[in-house]
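Next comes final.txt, with compact mmCIF, C-alpha atoms and all ligand atoms.
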```txt
# COMPACT_ATOMS: atom_id res chain seq x y z
CA MET A 1 84.37 79.76 66.92
CA LEU A 2 81.49 80.14 64.43
CA LYS A 3 82.13 82.61 61.63
CA GLY A 4 79.30 84.78 60.40
CA ALA A 5 78.70 87.66 58.00
CA VAL A 6 76.08 90.37 58.23
CA ILE A 7 74.41 91.36 54.95
CA GLY A 8 72.77 94.79 55.18
CA CYS A 9 74.45 97.25 57.55
CA GLY A 10 71.71 99.85 57.96
CA PHE A 11 69.58 101.06 60.86
CA PHE A 12 68.68 97.83 62.65
CA ALA A 13 71.80 95.80 61.81
CA GLN A 14 73.72 97.92 64.33
CA ASN A 15 71.84 96.13 67.11
CA GLN A 16 72.58 92.75 65.57
CA LEU A 17 76.29 93.59 65.30
CA HIS A 18 76.41 94.69 68.94
CA ALA A 19 74.67 91.48 70.01
CA TRP A 20 77.05 89.27 68.01
CA ALA A 21 79.98 91.08 69.64
CA ASP A 22 78.51 90.27 73.09
CA LEU A 23 77.95 86.56 72.43
CA PRO A 24 80.63 83.93 73.10
CA GLY A 25 81.72 81.41 70.47
CA VAL A 26 80.88 83.54 67.45
CA GLY A 27 82.61 86.21 65.39
CA ILE A 28 81.39 88.38 62.52
CA THR A 29 84.27 88.11 60.06
CA ALA A 30 82.77 89.86 57.02
CA LEU A 31 80.21 92.53 56.18
CA CYS A 32 78.21 93.22 53.05
CA ASP A 33 76.15 96.24 52.02
CA ARG A 34 75.52 97.57 48.56
CA ASP A 35 75.72 101.09 50.00
CA PRO A 36 79.46 101.83 50.51
CA GLU A 37 78.76 104.46 53.18
CA HIS A 38 76.72 102.11 55.34
CA LEU A 39 79.36 99.43 54.83
CA ALA A 40 82.24 101.72 55.82
CA PHE A 41 80.37 102.99 58.89
CA ALA A 42 79.67 99.51 60.27
CA ALA A 43 83.14 98.21 59.36
CA ALA A 44 84.81 101.03 61.28
CA ARG A 45 82.42 100.83 64.22
CA PHE A 46 82.87 97.09 64.73
CA GLY A 47 86.45 96.74 63.46
CA ILE A 48 85.59 94.34 60.63
CA THR A 49 88.03 94.58 57.71
CA ARG A 50 86.62 92.12 55.16
CA THR A 51 83.87 94.05 53.37
CA TYR A 52 81.84 93.51 50.22
CA THR A 53 79.23 95.41 48.25
CA ASP A 54 77.92 92.20 46.64
CA ALA A 55 76.68 89.19 48.61
CA ALA A 56 77.45 86.61 45.90
CA THR A 57 81.07 87.79 45.78
CA MET A 58 81.30 87.54 49.55
CA LEU A 59 79.79 84.05 49.68
CA ALA A 60 82.28 82.88 47.04
CA ALA A 61 85.28 84.45 48.78
CA GLU A 62 84.63 83.77 52.49
CA ARG A 63 84.46 80.60 54.55
CA LEU A 64 81.36 81.21 56.65
CA ASP A 65 79.17 79.16 58.95
CA PHE A 66 76.19 81.52 58.67
CA VAL A 67 74.89 84.79 57.29
CA ASP A 68 72.71 87.26 59.13
CA ILE A 69 70.49 89.01 56.56
CA ALA A 70 69.44 92.47 57.79
CA THR A 71 68.31 93.98 54.50
CA THR A 72 64.74 95.06 53.76
CA VAL A 73 62.27 92.49 52.45
CA ALA A 74 62.72 92.92 48.68
CA SER A 75 66.17 91.31 48.75
CA HIS A 76 65.46 88.49 51.21
CA ARG A 77 64.62 85.70 48.76
CA VAL A 78 67.64 86.13 46.54
CA LEU A 79 69.97 86.39 49.54
CA VAL A 80 68.49 83.40 51.40
CA GLU A 81 68.68 81.27 48.26
CA ALA A 82 72.30 82.34 47.64
CA ALA A 83 73.23 81.44 51.22
CA ALA A 84 71.51 78.05 50.91
CA ALA A 85 73.35 77.38 47.66
CA ALA A 86 76.63 78.21 49.44
CA GLY A 87 75.72 75.77 52.23
CA VAL A 88 75.68 78.31 55.07
CA HIS A 89 73.08 78.67 57.82
CA VAL A 90 70.81 81.71 57.70
CA ILE A 91 69.09 84.19 59.97
CA CYS A 92 66.85 86.52 58.03
CA GLN A 93 65.09 89.65 59.27
CA LYS A 94 61.31 90.01 59.22
CA PRO A 95 59.19 90.49 57.21
CA PHE A 96 60.62 87.22 55.92
CA ALA A 97 59.22 87.55 52.38
CA PRO A 98 56.91 89.73 50.31
CA SER A 99 54.60 86.79 49.51
CA MET A 100 53.74 83.29 50.73
CA ALA A 101 55.12 81.83 47.49
CA ASP A 102 58.51 83.48 48.06
CA ALA A 103 58.55 82.40 51.70
CA ARG A 104 57.78 78.78 50.85
CA ALA A 105 60.51 78.76 48.19
CA MET A 106 63.02 80.11 50.74
CA VAL A 107 62.10 77.45 53.30
CA ALA A 108 62.33 74.74 50.62
CA ALA A 109 65.74 75.98 49.43
CA CYS A 110 67.19 75.81 52.94
CA GLU A 111 65.64 72.40 53.62
CA ALA A 112 67.07 71.02 50.36
CA ALA A 113 70.51 72.42 51.23
CA GLY A 114 70.34 71.05 54.77
CA VAL A 115 71.00 74.45 56.38
CA THR A 116 69.25 75.98 59.38
CA LEU A 117 66.94 78.91 58.59
CA MET A 118 65.72 81.17 61.36
CA VAL A 119 63.61 84.31 61.00
CA HIS A 120 64.71 87.20 63.21
CA GLU A 121 61.20 87.35 64.75
CA ASN A 122 62.39 88.88 67.98
CA PHE A 123 59.34 90.33 69.76
CA ARG A 124 58.41 86.99 71.35
CA TRP A 125 61.97 86.95 72.73
CA GLN A 126 61.53 90.21 74.68
CA GLY A 127 62.09 89.41 78.35
CA ALA A 128 58.75 90.88 79.43
CA VAL A 129 56.80 89.00 76.74
CA ARG A 130 58.71 85.80 77.51
CA SER A 131 57.77 86.13 81.20
CA ALA A 132 54.11 86.32 80.21
CA ILE A 133 54.41 83.34 77.84
CA ASP A 134 56.12 81.29 80.55
CA ALA A 135 53.51 82.22 83.19
CA LEU A 136 50.62 81.38 80.86
CA HIS A 137 52.09 78.11 79.62
CA GLY A 138 53.07 77.22 83.19
CA GLY A 139 49.36 77.26 84.07
CA ALA A 140 49.39 80.41 86.25
CA ILE A 141 45.86 81.43 85.20
CA GLY A 142 44.53 78.09 83.97
CA ALA A 143 43.28 77.59 80.42
CA PRO A 144 43.03 80.97 78.64
CA PHE A 145 39.83 81.91 76.81
CA PHE A 146 40.47 85.56 75.88
CA GLY A 147 43.55 87.59 74.99
CA ARG A 148 44.38 91.09 73.89
CA VAL A 149 47.80 91.76 72.41
CA SER A 150 48.14 95.47 71.94
CA PHE A 151 50.69 97.90 70.53
CA ARG A 152 49.50 101.51 70.37
CA SER A 153 51.86 104.44 69.98
CA GLY A 154 52.41 107.86 68.44
CA PHE A 155 56.21 107.38 68.19
CA ASP A 156 57.83 108.74 65.02
CA VAL A 157 59.24 105.58 63.48
CA PHE A 158 59.67 107.28 60.12
CA SER A 159 62.74 109.33 61.08
CA GLY A 160 64.88 106.20 61.64
CA GLN A 161 63.20 104.13 58.93
CA PRO A 162 62.04 106.55 56.20
CA TYR A 163 61.08 103.69 53.84
CA LEU A 164 58.17 102.85 56.17
CA ALA A 165 56.32 105.98 55.02
CA THR A 166 56.51 105.07 51.33
CA GLN A 167 55.34 101.44 51.28
CA PRO A 168 51.76 100.55 50.26
CA ARG A 169 51.63 98.23 53.29
CA PHE A 170 52.75 99.62 56.62
CA ILE A 171 51.66 98.67 60.11
CA ILE A 172 50.57 95.05 59.69
CA GLU A 173 53.58 94.11 57.58
CA ASP A 174 56.13 95.99 59.67
CA LEU A 175 54.86 95.88 63.26
CA GLY A 176 51.67 93.84 63.31
CA ILE A 177 53.68 90.86 62.12
CA HIS A 178 55.47 90.86 65.50
CA ILE A 179 52.26 91.31 67.48
CA LEU A 180 50.52 88.53 65.54
CA ASP A 181 53.54 86.33 66.22
CA ILE A 182 53.23 87.02 69.95
CA ALA A 183 49.55 85.98 69.75
CA ARG A 184 50.64 82.71 68.11
CA ALA A 185 53.33 82.18 70.74
CA LEU A 186 50.77 82.71 73.52
CA PHE A 187 47.64 81.05 72.19
CA GLY A 188 48.67 78.72 69.35
CA GLU A 189 47.67 78.45 65.73
CA VAL A 190 44.86 80.50 64.23
CA THR A 191 41.85 79.03 62.45
CA HIS A 192 40.03 82.26 61.56
CA LEU A 193 41.05 85.90 61.28
CA SER A 194 39.25 89.10 60.35
CA ALA A 195 40.67 92.60 60.26
CA THR A 196 40.02 96.27 59.68
CA THR A 197 42.64 98.87 58.79
CA ARG A 198 42.83 102.65 58.55
CA ARG A 199 45.30 105.32 57.58
CA VAL A 200 45.14 108.25 60.00
CA ASN A 201 48.47 109.93 59.14
CA ALA A 202 47.92 111.57 55.74
CA ASP A 203 51.69 111.87 55.17
CA ILE A 204 52.28 108.15 54.76
CA ARG A 205 51.19 105.71 52.07
CA GLY A 206 50.10 102.62 53.99
CA GLU A 207 47.76 101.87 56.89
CA ASP A 208 48.83 102.97 60.39
CA VAL A 209 45.97 101.38 62.36
CA ALA A 210 44.93 97.71 62.29
CA THR A 211 42.52 95.76 64.47
CA MET A 212 42.46 91.99 64.10
CA LEU A 213 40.18 89.34 65.60
CA LEU A 214 41.67 85.85 65.83
CA ALA A 215 40.13 82.48 66.67
CA HIS A 216 42.82 80.08 67.90
CA ARG A 217 42.63 76.30 67.49
CA GLY A 218 42.81 75.73 71.26
CA GLY A 219 39.66 77.82 71.83
CA VAL A 220 41.11 81.25 72.67
CA THR A 221 39.69 84.35 71.00
CA SER A 222 42.22 87.14 70.76
CA VAL A 223 42.23 90.75 69.65
CA VAL A 224 45.49 91.99 68.15
CA ASP A 225 45.41 95.78 67.86
CA CYS A 226 48.14 98.00 66.47
CA SER A 227 48.38 101.73 65.95
CA TYR A 228 51.01 104.33 65.17
CA ALA A 229 48.36 107.06 65.31
CA THR A 230 47.75 106.95 69.05
CA ARG A 231 48.90 109.99 71.00
CA ARG A 232 49.06 108.82 74.59
CA SER A 233 50.71 109.74 77.82
CA PRO A 234 52.84 108.07 78.87
CA GLU A 235 54.03 107.04 75.41
CA THR A 236 54.52 103.27 75.61
CA PHE A 237 56.67 102.71 72.50
CA PRO A 238 57.83 100.01 71.92
CA GLU A 239 55.96 97.99 74.55
CA THR A 240 53.47 95.26 73.72
CA LEU A 241 50.71 95.17 76.34
CA LEU A 242 48.76 92.05 77.23
CA GLU A 243 45.43 91.22 78.80
CA ILE A 244 44.71 87.53 79.15
CA ASP A 245 41.72 85.97 80.89
CA GLY A 246 41.95 82.35 81.94
CA GLU A 247 39.64 79.94 83.69
CA ALA A 248 41.64 80.35 86.93
CA GLY A 249 42.69 84.01 86.79
CA THR A 250 43.94 86.90 84.70
CA LEU A 251 47.33 88.02 83.45
CA ARG A 252 48.17 91.61 82.60
CA LEU A 253 51.36 93.03 81.12
CA ASP A 254 50.87 96.74 81.66
CA ALA A 255 52.79 99.85 80.61
CA GLY A 256 56.12 100.12 82.38
CA TYR A 257 56.78 96.37 82.13
CA ARG A 258 54.59 95.33 85.03
CA LEU A 259 53.31 91.77 85.01
CA THR A 260 50.31 91.10 87.23
CA LEU A 261 48.67 87.76 87.90
CA SER A 262 45.27 87.82 89.62
CA THR A 263 43.86 84.55 90.91
CA PRO A 264 41.54 83.54 93.73
CA ARG A 265 44.73 83.23 95.84
CA GLY A 266 45.36 86.97 95.42
CA GLU A 267 47.31 89.37 93.23
CA GLU A 268 50.99 89.06 92.43
CA SER A 269 52.61 91.96 90.59
CA ARG A 270 56.27 92.27 89.58
CA SER A 271 58.49 94.27 87.30
CA VAL A 272 59.68 92.46 84.19
CA ALA A 273 61.57 95.50 82.88
CA PRO A 274 64.42 94.64 80.52
CA PRO A 275 68.02 95.41 81.44
CA LEU A 276 69.66 98.38 79.73
CA LEU A 277 72.50 96.69 77.85
CA PRO A 278 75.70 98.77 77.62
CA TRP A 279 75.07 99.55 73.95
CA ALA A 280 71.30 99.97 74.27
CA GLU A 281 69.24 103.14 74.33
CA ARG A 282 65.84 103.87 75.80
CA PRO A 283 63.11 103.40 74.69
CA TRP A 284 64.46 100.72 72.29
CA HIS A 285 66.16 98.71 75.04
CA ASN A 286 63.53 95.97 75.24
CA ILE A 287 63.91 95.33 71.51
CA GLN A 288 67.69 95.46 71.77
CA GLU A 289 67.65 92.92 74.60
CA SER A 290 65.48 90.63 72.48
CA VAL A 291 68.06 90.77 69.68
CA LEU A 292 70.68 89.40 72.05
CA ARG A 293 68.29 86.66 73.18
CA ILE A 294 67.20 85.57 69.71
CA GLN A 295 70.77 85.48 68.39
CA ALA A 296 71.83 83.42 71.44
CA HIS A 297 68.96 81.04 70.60
CA PHE A 298 70.25 80.71 67.02
CA LEU A 299 73.70 79.73 68.30
CA ASP A 300 72.20 77.23 70.76
CA CYS A 301 70.19 75.64 67.94
CA LEU A 302 73.25 75.37 65.67
CA ALA A 303 75.24 73.80 68.52
CA ILE A 304 72.70 71.01 69.09
CA GLY A 305 71.27 70.75 65.56
CA ARG A 306 67.74 71.75 66.58
CA ALA A 307 65.24 73.80 64.56
CA PRO A 308 64.90 77.33 66.00
CA GLU A 309 61.60 78.27 67.66
CA THR A 310 61.17 80.99 65.02
CA SER A 311 62.38 78.87 62.09
CA GLY A 312 61.51 79.73 58.50
CA ALA A 313 58.89 76.96 58.53
CA ASP A 314 57.36 78.34 61.74
CA ASN A 315 57.30 81.85 60.34
CA LEU A 316 55.18 80.75 57.36
CA ARG A 317 52.28 80.65 59.81
CA THR A 318 52.93 84.19 61.07
CA LEU A 319 53.28 85.44 57.52
CA ALA A 320 49.95 83.77 56.64
CA LEU A 321 48.29 85.85 59.37
CA VAL A 322 49.69 89.03 57.79
CA GLU A 323 48.35 88.03 54.37
CA ALA A 324 44.98 87.04 55.86
CA ALA A 325 44.74 90.39 57.67
CA TYR A 326 45.34 92.39 54.50
CA ALA A 327 42.90 90.25 52.50
CA SER A 328 40.25 90.52 55.21
CA ALA A 329 40.66 94.28 55.52
CA ALA A 330 40.33 94.55 51.73
CA GLY A 331 36.90 92.91 51.93
CA ALA A 332 37.50 89.16 51.98
CA GLY A 333 35.73 88.77 55.34
CA THR A 334 36.89 86.11 57.80
CA LEU A 335 39.68 83.87 56.54
CA ASP A 336 41.40 80.63 57.49
CA PRO A 337 45.11 81.54 57.23
CA ALA A 338 46.03 77.91 56.52
CA GLU A 339 44.32 78.29 53.13
CA LEU A 340 46.60 81.11 51.99
N1 LIG B 401 63.05 92.90 64.29
C1 LIG B 401 62.96 94.19 64.58
O1 LIG B 401 62.68 94.56 65.71
C2 LIG B 401 63.24 95.19 63.48
C3 LIG B 401 63.31 96.56 63.73
C4 LIG B 401 63.63 97.42 62.66
C5 LIG B 401 63.81 96.89 61.38
N2 LIG B 401 63.67 95.55 61.19
C6 LIG B 401 63.81 94.94 59.85
O2 LIG B 401 65.17 94.97 59.48
C7 LIG B 401 65.26 95.04 58.07
C8 LIG B 401 66.19 96.22 57.74
O3 LIG B 401 65.58 97.40 58.18
P1 LIG B 401 66.42 98.75 58.40
O4 LIG B 401 65.48 99.72 58.98
O5 LIG B 401 67.70 98.44 59.08
O6 LIG B 401 66.70 99.14 56.87
P2 LIG B 401 67.88 100.04 56.28
O7 LIG B 401 67.40 100.50 54.95
O8 LIG B 401 68.34 101.04 57.29
O9 LIG B 401 69.08 98.99 56.10
C9 LIG B 401 69.07 98.01 55.11
C10 LIG B 401 70.46 97.93 54.52
O10 LIG B 401 70.51 96.84 53.59
C11 LIG B 401 71.25 97.25 52.46
N3 LIG B 401 70.85 96.38 51.33
C12 LIG B 401 69.61 96.31 50.74
N4 LIG B 401 69.63 95.35 49.79
C13 LIG B 401 70.86 94.81 49.77
C14 LIG B 401 71.47 93.78 49.04
N5 LIG B 401 70.81 93.11 48.09
N6 LIG B 401 72.77 93.48 49.30
C15 LIG B 401 73.46 94.16 50.24
N7 LIG B 401 72.93 95.14 50.98
C16 LIG B 401 71.65 95.47 50.76
C17 LIG B 401 70.92 98.73 52.27
O11 LIG B 401 71.92 99.39 51.53
C18 LIG B 401 70.87 99.19 53.74
O12 LIG B 401 72.13 99.65 54.21
C19 LIG B 401 63.83 95.25 57.55
O13 LIG B 401 63.36 94.04 57.01
C20 LIG B 401 63.04 95.67 58.79
O14 LIG B 401 61.70 95.25 58.76
C21 LIG B 401 63.42 94.71 62.21
```
Here is the file; what I need is its structure written in the form of C-alpha cells.
Amino acid sequence: MLKGAVIGCGFFAQNQLHAWADLPGVGITALCDRDPEHLAFAAARFGITRTYTDAATMLAAERLDFVDIATTVASHRVLVEAAAAAGVHVICQKPFAPSMADARAMVAACEAAGVTLMVHENFRWQGAVRSAIDALHGGAIGAPFFGRVSFRSGFDVFSGQPYLATQPRFIIEDLGIHILDIARALFGEVTHLSATTRRVNADIRGEDVATMLLAHRGGVTSVVDCSYATRRSPETFPETLLEIDGEAGTLRLDAGYRLTLSTPRGEESRSVAPPLLPWAERPWHNIQESVLRIQAHFLDCLAIGRAPETSGADNLRTLALVEAAYASAAGAGTLDPAEL
C-alpha cells in the first residue's frame, strides 16, 4: 500500500481526496493545510487523523511515498523542493510554477533526488478528450492539418475560486494552460505562437478572453480559444470542444460530449459522455472523472518506474506556451516557445 499526503485541502483538493479513496493500493495517511479550518474540514470528511499546518513538519514526521500538492501556484516551488529533499514522489497541481525559471528548478530538484514528478494536468485525461486523441492518433481522419481547441463559457468560476478574480493573469494561466496542453497532446510541439487577450468582465483584474494561433512542428495549424465572457445557451462549462480537419476526414467533439468522425466512408457519431462518479456533481463531472484517471496514471507510473505522460519535464513545454501567449499578447508578436 502506497502512503501519500495531500498538501492544500481547499476547493479542488476535495476531488483529489475522493479519487485517492476510490483507487486501490494507495492510502492518504496525512493532510497538511496552513488554514486550520480547511484542514479540519478535510480531515473529518475523509477520516484522516494525522494533520499538520506546516509541510516541513509533516515531511519530517511522516513516512510517505508521495505528496499530492493541491495549493495555489505561489507555494508550489518551495513544497516541491521540500518533497524532493525528503525523497518522496510528487504530484503538483497546475499551474506548475509562476515562471519558467521556477519550473526548471523544480524539475531539476526532483531529477537530482531521483523522485517522480507529475503535474496534475488533467484536462487531457478527460474521457471525451482522450477518445478524440485516440481516434486522431489511431489515424481515423488521416494526417491532421487544422485544429480548433475551444473553451467558451459564461460560468461563474469566481464563486468557488475567488482568488481568480484578483490575479493579474487569469484565463490563460488558469484555464488556457489546460487547453494549450490539449493542443500539444493532439498535435505535438509548437514552433510558433501568437495571441491576443481581452478583459470583458470589469469586475476582475486579469484577462478573461484569449485567442491563440499555434504552428505545430508536424505541420498542423491550430487555434486555441478561451473565454469566460461568453453567454451561450446551452452553457457548455466545462467542456472543451474540438474541430479537427485531416487529409482523410474530420473529427468534431461537440457540446454534450458527442464525438463525430466524417470520412468518405460516411459519418460515425457517438456519445463520449463521462460517467457521473458517486462523489461527482454536474457540470464538473468530466473534470472529476479526469482526476481519477490522472491519479490512477500516477500510481501506474510509480509501479513500473515510468515517467508520467504529464511529467514535470513535459509540462515545461505547456508552461512555455502560457508564457509565450502572455508575451505575444503584450506586443512581442509571434514567438517560438522553445526560446523562453
Ligand atoms: N486541474 C484542475 O482542473 C483544477 C481545478 C481547480 C483548481 N486547480 C488548481 O488547484 C490549485 C488549488 O486551487 P483551489 O481552488 O483548490 O485553491 P484553494 O485556495 O481553495 O485551496 C488551496 C489550499 O492550499 C492551502 N495552502 C496554500 N499554501 C499552503 C502552504 N504553503 N502549505 C499548506 N497549505 C497551503 C490554502 O490554505 C488552501 O486551503 C490551484 O493551483 C488551481 O489552479 C486545478
Around ligand LIG 401 (chain B), at most 6 Å away and counting only C-alpha atoms and all ligand atoms, which residues are there? Put them as a list in words, please.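 Final answer, ordered by chain and number: Ile7, Gly8, Cys9, Gly10, Phe11, Phe12, Ala13, Cys32, Asp33, Arg34, Asp35, His38, Asp54, Ala55, Ala70, Thr71, Thr72, Val73, Ser75, Gln93, Lys94, Pro95, Glu121, Asn122, Gln161, Asp174 and Ile287 of chain A.
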How would the residues just picked look written out with C-alpha atoms as a CSV table (one decimal), keeping the file's coordinate frame?
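The result, stored in out_9.csv:
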```
chain,number,residue,atom,x,y,z
A,7,ILE,CA,74.4,91.4,55.0
A,8,GLY,CA,72.8,94.8,55.2
A,9,CYS,CA,74.4,97.2,57.6
A,10,GLY,CA,71.7,99.8,58.0
A,11,PHE,CA,69.6,101.1,60.9
A,12,PHE,CA,68.7,97.8,62.6
A,13,ALA,CA,71.8,95.8,61.8
A,32,CYS,CA,78.2,93.2,53.0
A,33,ASP,CA,76.2,96.2,52.0
A,34,ARG,CA,75.5,97.6,48.6
A,35,ASP,CA,75.7,101.1,50.0
A,38,HIS,CA,76.7,102.1,55.3
A,54,ASP,CA,77.9,92.2,46.6
A,55,ALA,CA,76.7,89.2,48.6
A,70,ALA,CA,69.4,92.5,57.8
A,71,THR,CA,68.3,94.0,54.5
A,72,THR,CA,64.7,95.1,53.8
A,73,VAL,CA,62.3,92.5,52.4
A,75,SER,CA,66.2,91.3,48.8
A,93,GLN,CA,65.1,89.6,59.3
A,94,LYS,CA,61.3,90.0,59.2
A,95,PRO,CA,59.2,90.5,57.2
A,121,GLU,CA,61.2,87.4,64.8
A,122,ASN,CA,62.4,88.9,68.0
A,161,GLN,CA,63.2,104.1,58.9
A,174,ASP,CA,56.1,96.0,59.7
A,287,ILE,CA,63.9,95.3,71.5
```
Pairwise distance, atom CA of Asp102 of chain A with atom CA of Ala195 of chain A, equals 23.5 Å
| query | Looking at A:Val220, A:Leu59, A:Ile48, A:Val90, which one is nearest to Glu189 of chain A, with distances taken over all atoms listed in the file? | reply |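 Selected residue with least distance to Glu189 of chain A: A:Val220.
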Query - Nearby residues, (51.5, 94.7, 78.6) file frame, 10 Å, only C-alpha atoms, as a ChimeraX atom specification - result: /A:128-129,132,148-151,236,239-244,251-260
To one decimal place in Å, what is the distance between atom CA of Phe170 of chain A and atom CA of Leu321 of chain A?
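If I compute the distance from atom CA of Phe170 of chain A to atom CA of Leu321 of chain A, I get 14.7 Å.
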note - atom CA of Ser222 of chain A and atom CA of Gln295 of chain A are separated by 28.7 Å
Among A:Gly266, A:Glu281, A:Asp65, A:Ala101, His89 of chain A is approached most closely, using all atoms listed in the file, by A:Asp65
For segment 170-275 of chain A against segment 163-166 of chain A, with a cut-off of 12 Å and counting all atoms listed in the file, what is the closest atom pair and its distance in Å to one decimal for every residue that makes the cut, ordered by chain and number, as a tab-separated table?
```
residue	atom	partner	partner_atom	distance
A:Phe170	CA	A:Leu164	CA	6.3
A:Ile171	CA	A:Leu164	CA	8.7
A:Ile172	CA	A:Leu164	CA	11.4
A:Glu173	CA	A:Leu164	CA	10.0
A:Asp174	CA	A:Leu164	CA	8.0
A:Leu175	CA	A:Leu164	CA	10.5
A:Arg199	CA	A:Ala165	CA	11.3
A:Asn201	CA	A:Ala165	CA	9.7
A:Ala202	CA	A:Ala165	CA	10.1
A:Asp203	CA	A:Ala165	CA	7.5
A:Ile204	CA	A:Ala165	CA	4.6
A:Arg205	CA	A:Thr166	CA	5.4
A:Gly206	CA	A:Ala165	CA	7.1
A:Glu207	CA	A:Ala165	CA	9.7
A:Asp208	CA	A:Ala165	CA	9.7
A:Tyr228	CA	A:Ala165	CA	11.6
```
Checklist entry - Taking into account only C-alpha atoms, which residue in the set A:Ala43, A:Ala5, A:Ala113, A:Leu299 is nearest to Glu62 of chain A? => result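 Among the listed residues, the smallest separation from Glu62 of chain A belongs to A:Ala5.
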With distances taken over all atoms listed in the file, the candidate from A:Ala140, A:Ala325, A:Gly154, A:Gln167 nearest Thr263 of chain A is A:Ala140
Can you tell me which residues surround Thr49 of chain A at a distance of at most 9 Å, considering all atoms listed in the file, apart from same-chain residues fewer than 6 positions away, and format the answer as a PyMOL selection string?
chain A and resi 29-31+43
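The shortest atom-to-atom distance to Gly4 of chain A, with all atoms listed in the file taken into account, belongs to A:Ile28 out of A:Met118, A:Ile304, A:Val190, A:Ile28.
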Of the listed residues A:Ser131, A:Thr116, A:Thr230, A:Ser269, that which approaches Ile91 of chain A most closely, counting only C-alpha atoms |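 Nearest to Ile91 of chain A: A:Thr116.
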